[in-house]
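This report refers to the structure that appears directly beneath it.
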Amino acid sequence: MKIGYIGLGVMGAGMVHNLIDAGHDVYIHDLDRDRGAEFESRGATWADSIAELGRESAVVFTSLPGPVQMRAVGIDEGGLVGSMAPGSAWFDLTTNSPATVREVHAAAAERGVQVLDAPVSGRPAGARSGKLAIYIGGDVGVYDQHRELLDTIGDRVMYVGGIGSGNIAKLAHNCASISIRAAIAEVMSLGVKAGMEPDTLWAAMRQGAIGRARTFDSIGKRYLQQAYEPPSFALALADKDLRLALELADELDVPMSVARTAQQDYREALDRGWGGKDSQSPMQLQNERAGVDIRLSDAQVDKVLEEG
């Protein structure tokens, strides 16, 4: 089976090497012709155009900067949608807009081509080692058909739902990562300005209850099940700790915008009489604002945790 790959940047390069390592017949294309040399030396075939690559490939992977480029590669004149054969599959590895992915998916479906969004989570070293999470959205039958191929470029390949779901999962993950890092920067700057050495503070934080837990594991038995009673750490006590931290920040003139936003939710929850509930209970306020009901069973939570 011939595999096409468009986008030979720092992430794409590692994945192409892994496809070649696995013995696949790989066609490659990139705006920078010079990037093809190292892969051609290993047996890959350079395609002079997107259309040529599309015609030659039963499965195409794209790893592009963003929605504009993915849409152009897909549905502009000479793009993949107009050149791939009916029954072929295109996995877009780009971190993308769900709306763009759905638009291109619809255009491709009219020609019998299956588009699945498959954004990856990992770094260039992970792309080369094959240690990537890949979130797949689209037709589950196409996913199942090509699962073995996907396993050659990622060690955590997971089907997450219909078209666009892959990028919803990826964007939610990255938004959480960015927000968590902002909070960490706040508390590190607070601790150091209060007189601690950064290495000692970092080591101490890593050994606390949150520091030793996988971030998303800790919400399984509380927030995701709306199970806030009896508390493991009462909201009233957590609010006291947060208040003391922010008082220290005021004394030292340390800005703490993330923590102050969290305090607003804590105060609203306390005003509702939730002081005796678990400290995760203010997270329920966001569900209300968004108009969603997030509620998993014990069995659903245990299944996710068991899968690692």
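FYI, nothing fancy with the structure tokens labels: chains A, B, ... in order, residues from 1 per chain, ligands from 1 as they appear.
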
Find the spatial neighbours of Arg42 (chain A), counting only C-alpha atoms, within a cut-off of 10 Å - ignore same-chain residues fewer than 6 positions away - and output them as a list of chain:residue names.
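The residues that qualify are A:His17, A:Ile20, A:Asp21.
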
How would the residues just picked look written out with C-alpha atoms as a CSV table (one decimal), in the first residue's frame?
```
chain,number,residue,atom,x,y,z
A,17,HIS,CA,11.0,8.1,9.2
A,20,ILE,CA,9.8,4.1,6.3
A,21,ASP,CA,11.2,2.1,9.2
```

Give me, as a PDB file with C-alpha atoms, in the first residue's frame, all polymer residues having an atom no more than 7 Å from Tyr135 (chain A), counting only C-alpha atoms and skipping those fewer than 5 positions away in the same chain.
```
ATOM      1  CA  ALA A 118      -5.931  13.032  13.766  1.00  0.00           C
ATOM      2  CA  PRO A 119      -4.029  15.740  15.677  1.00  0.00           C
ATOM      3  CA  VAL A 120      -1.041  14.521  17.642  1.00  0.00           C
ATOM      4  CA  VAL A 157      -3.799   6.082  19.241  1.00  0.00           C
ATOM      5  CA  MET A 158      -7.414   6.567  20.301  1.00  0.00           C
ATOM      6  CA  TYR A 159     -10.728   6.973  18.547  1.00  0.00           C
ATOM      7  CA  VAL A 160     -12.594   9.875  20.186  1.00  0.00           C
ATOM      8  CA  GLY A 166      -9.954  14.765  17.350  1.00  0.00           C
ATOM      9  CA  ALA A 169      -9.863  16.817  22.273  1.00  0.00           C
TER      10      ALA A 169
END
```

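For region 21-128 of chain A, the set of residues given strand (DSSP E) by DSSP on the backbone reads A:Asp25, A:Val26, A:Tyr27, A:Ile28, A:His29, A:Thr45, A:Trp46, A:Val59, A:Val60, A:Phe61, A:Thr62, A:Ala89, A:Trp90, A:Phe91, A:Asp92, A:Gln114, A:Val115, A:Leu116, A:Asp117, A:Val120, A:Ser121.
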
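The shortest atom-to-atom distance to Ala89 (chain A), with only C-alpha atoms taken into account, belongs to A:Tyr143 out of A:Trp46, A:Tyr143, A:Phe233, A:Phe39.
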
List the spatial neighbours of Arg128 (chain A) as a PDB file with all heavy atoms, in the first residue's frame - criterion: any atom at most 9 Å away, only C-alpha atoms, same-chain residues fewer than 2 positions off excluded.
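Produced file part.pdb, reproduced below:
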```
ATOM      1  N   MET A  11       7.815  17.894  13.180  1.00  0.00           N
ATOM      2  CA  MET A  11       6.957  16.781  13.583  1.00  0.00           C
ATOM      3  C   MET A  11       6.809  15.767  12.447  1.00  0.00           C
ATOM      4  O   MET A  11       6.940  14.555  12.652  1.00  0.00           O
ATOM      5  CB  MET A  11       5.590  17.293  14.015  1.00  0.00           C
ATOM      6  CG  MET A  11       5.602  18.136  15.276  1.00  0.00           C
ATOM      7  SD  MET A  11       6.166  17.225  16.740  1.00  0.00           S
ATOM      8  CE  MET A  11       4.778  16.103  16.999  1.00  0.00           C
ATOM      9  N   GLY A  12       6.549  16.255  11.262  1.00  0.00           N
ATOM     10  CA  GLY A  12       6.342  15.362  10.136  1.00  0.00           C
ATOM     11  C   GLY A  12       7.558  14.508   9.837  1.00  0.00           C
ATOM     12  O   GLY A  12       7.428  13.321   9.492  1.00  0.00           O
ATOM     13  N   ALA A  13       8.746  15.071   9.973  1.00  0.00           N
ATOM     14  CA  ALA A  13       9.965  14.336   9.641  1.00  0.00           C
ATOM     15  C   ALA A  13      10.080  13.051  10.448  1.00  0.00           C
ATOM     16  O   ALA A  13      10.383  11.978   9.898  1.00  0.00           O
ATOM     17  CB  ALA A  13      11.187  15.223   9.885  1.00  0.00           C
ATOM     18  N   GLY A  14       9.841  13.154  11.749  1.00  0.00           N
ATOM     19  CA  GLY A  14       9.949  11.959  12.596  1.00  0.00           C
ATOM     20  C   GLY A  14       8.945  10.895  12.206  1.00  0.00           C
ATOM     21  O   GLY A  14       9.262   9.689  12.178  1.00  0.00           O
ATOM     22  N   MET A  15       7.721  11.306  11.889  1.00  0.00           N
ATOM     23  CA  MET A  15       6.695  10.334  11.533  1.00  0.00           C
ATOM     24  C   MET A  15       6.995   9.665  10.196  1.00  0.00           C
ATOM     25  O   MET A  15       6.756   8.466  10.023  1.00  0.00           O
ATOM     26  CB  MET A  15       5.323  11.011  11.539  1.00  0.00           C
ATOM     27  CG  MET A  15       4.821  11.310  12.950  1.00  0.00           C
ATOM     28  SD  MET A  15       3.156  12.046  12.988  1.00  0.00           S
ATOM     29  CE  MET A  15       3.576  13.787  12.944  1.00  0.00           C
ATOM     30  N   VAL A  16       7.533  10.423   9.232  1.00  0.00           N
ATOM     31  CA  VAL A  16       7.896   9.831   7.944  1.00  0.00           C
ATOM     32  C   VAL A  16       8.998   8.791   8.130  1.00  0.00           C
ATOM     33  O   VAL A  16       8.957   7.697   7.541  1.00  0.00           O
ATOM     34  CB  VAL A  16       8.320  10.914   6.936  1.00  0.00           C
ATOM     35  CG1 VAL A  16       8.881  10.277   5.672  1.00  0.00           C
ATOM     36  CG2 VAL A  16       7.137  11.799   6.588  1.00  0.00           C
ATOM     37  N   HIS A  17       9.980   9.108   8.953  1.00  0.00           N
ATOM     38  CA  HIS A  17      11.030   8.122   9.227  1.00  0.00           C
ATOM     39  C   HIS A  17      10.434   6.831   9.796  1.00  0.00           C
ATOM     40  O   HIS A  17      10.854   5.723   9.420  1.00  0.00           O
ATOM     41  CB  HIS A  17      12.060   8.699  10.195  1.00  0.00           C
ATOM     42  CG  HIS A  17      13.099   9.559   9.560  1.00  0.00           C
ATOM     43  ND1 HIS A  17      13.923   9.105   8.542  1.00  0.00           N
ATOM     44  CD2 HIS A  17      13.457  10.855   9.784  1.00  0.00           C
ATOM     45  CE1 HIS A  17      14.747  10.077   8.174  1.00  0.00           C
ATOM     46  NE2 HIS A  17      14.487  11.149   8.904  1.00  0.00           N
ATOM     47  N   ASN A  18       9.453   6.952  10.680  1.00  0.00           N
ATOM     48  CA  ASN A  18       8.848   5.757  11.269  1.00  0.00           C
ATOM     49  C   ASN A  18       8.048   4.963  10.244  1.00  0.00           C
ATOM     50  O   ASN A  18       8.013   3.724  10.299  1.00  0.00           O
ATOM     51  CB  ASN A  18       7.974   6.143  12.461  1.00  0.00           C
ATOM     52  CG  ASN A  18       8.793   6.573  13.656  1.00  0.00           C
ATOM     53  OD1 ASN A  18       9.937   6.145  13.817  1.00  0.00           O
ATOM     54  ND2 ASN A  18       8.244   7.433  14.492  1.00  0.00           N
ATOM     55  N   ARG A 123       6.097  15.880  21.222  1.00  0.00           N
ATOM     56  CA  ARG A 123       7.121  16.795  20.719  1.00  0.00           C
ATOM     57  C   ARG A 123       7.915  16.125  19.599  1.00  0.00           C
ATOM     58  O   ARG A 123       7.720  14.938  19.338  1.00  0.00           O
ATOM     59  CB  ARG A 123       8.029  17.223  21.865  1.00  0.00           C
ATOM     60  CG  ARG A 123       7.291  18.122  22.875  1.00  0.00           C
ATOM     61  CD  ARG A 123       8.179  18.507  24.048  1.00  0.00           C
ATOM     62  NE  ARG A 123       7.537  19.524  24.867  1.00  0.00           N
ATOM     63  CZ  ARG A 123       6.619  19.275  25.796  1.00  0.00           C
ATOM     64  NH1 ARG A 123       6.238  18.027  26.018  1.00  0.00           N
ATOM     65  NH2 ARG A 123       6.084  20.259  26.506  1.00  0.00           N
ATOM     66  N   PRO A 124       8.825  16.868  18.942  1.00  0.00           N
ATOM     67  CA  PRO A 124       9.594  16.253  17.862  1.00  0.00           C
ATOM     68  C   PRO A 124      10.288  14.949  18.249  1.00  0.00           C
ATOM     69  O   PRO A 124      10.330  14.003  17.465  1.00  0.00           O
ATOM     70  CB  PRO A 124      10.595  17.355  17.496  1.00  0.00           C
ATOM     71  CG  PRO A 124       9.861  18.623  17.789  1.00  0.00           C
ATOM     72  CD  PRO A 124       9.067  18.326  19.030  1.00  0.00           C
ATOM     73  N   ALA A 125      10.832  14.892  19.472  1.00  0.00           N
ATOM     74  CA  ALA A 125      11.474  13.650  19.913  1.00  0.00           C
ATOM     75  C   ALA A 125      10.463  12.513  19.975  1.00  0.00           C
ATOM     76  O   ALA A 125      10.766  11.365  19.632  1.00  0.00           O
ATOM     77  CB  ALA A 125      12.128  13.845  21.279  1.00  0.00           C
ATOM     78  N   GLY A 126       9.236  12.824  20.392  1.00  0.00           N
ATOM     79  CA  GLY A 126       8.184  11.819  20.429  1.00  0.00           C
ATOM     80  C   GLY A 126       7.754  11.393  19.043  1.00  0.00           C
ATOM     81  O   GLY A 126       7.435  10.222  18.807  1.00  0.00           O
ATOM     82  N   GLY A 130       8.089   7.587  18.081  1.00  0.00           N
ATOM     83  CA  GLY A 130       6.768   6.962  17.990  1.00  0.00           C
ATOM     84  C   GLY A 130       5.946   7.098  19.248  1.00  0.00           C
ATOM     85  O   GLY A 130       4.877   6.487  19.354  1.00  0.00           O
ATOM     86  N   LYS A 131       6.396   7.896  20.195  1.00  0.00           N
ATOM     87  CA  LYS A 131       5.658   8.088  21.458  1.00  0.00           C
ATOM     88  C   LYS A 131       4.791   9.342  21.337  1.00  0.00           C
ATOM     89  O   LYS A 131       5.136  10.420  21.826  1.00  0.00           O
ATOM     90  CB  LYS A 131       6.616   8.170  22.637  1.00  0.00           C
ATOM     91  CG  LYS A 131       7.368   6.869  22.873  1.00  0.00           C
ATOM     92  CD  LYS A 131       8.173   6.900  24.147  1.00  0.00           C
ATOM     93  CE  LYS A 131       8.911   5.581  24.364  1.00  0.00           C
ATOM     94  NZ  LYS A 131       7.988   4.444  24.469  1.00  0.00           N
ATOM     95  N   ILE A 153       3.100   5.273  13.957  1.00  0.00           N
ATOM     96  CA  ILE A 153       3.534   6.651  14.221  1.00  0.00           C
ATOM     97  C   ILE A 153       3.148   7.147  15.615  1.00  0.00           C
ATOM     98  O   ILE A 153       3.593   8.218  16.033  1.00  0.00           O
ATOM     99  CB  ILE A 153       2.995   7.635  13.158  1.00  0.00           C
ATOM    100  CG1 ILE A 153       1.472   7.649  13.114  1.00  0.00           C
ATOM    101  CG2 ILE A 153       3.579   7.296  11.796  1.00  0.00           C
ATOM    102  CD1 ILE A 153       0.904   8.730  12.195  1.00  0.00           C
TER     103      ILE A 153
END
```

Using only C-alpha atoms, which residue out of A:His146, A:Lys2, A:Arg243, A:Arg214 lies closest to Gly54 (chain A)?
A:Lys2

Of the residues A:Ser57, A:Thr45, A:Ser121, A:Gln225, which is the one nearest to Gln300 (chain A), using only C-alpha atoms?
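Distance minimum relative to Gln300 (chain A) lands on A:Gln225.
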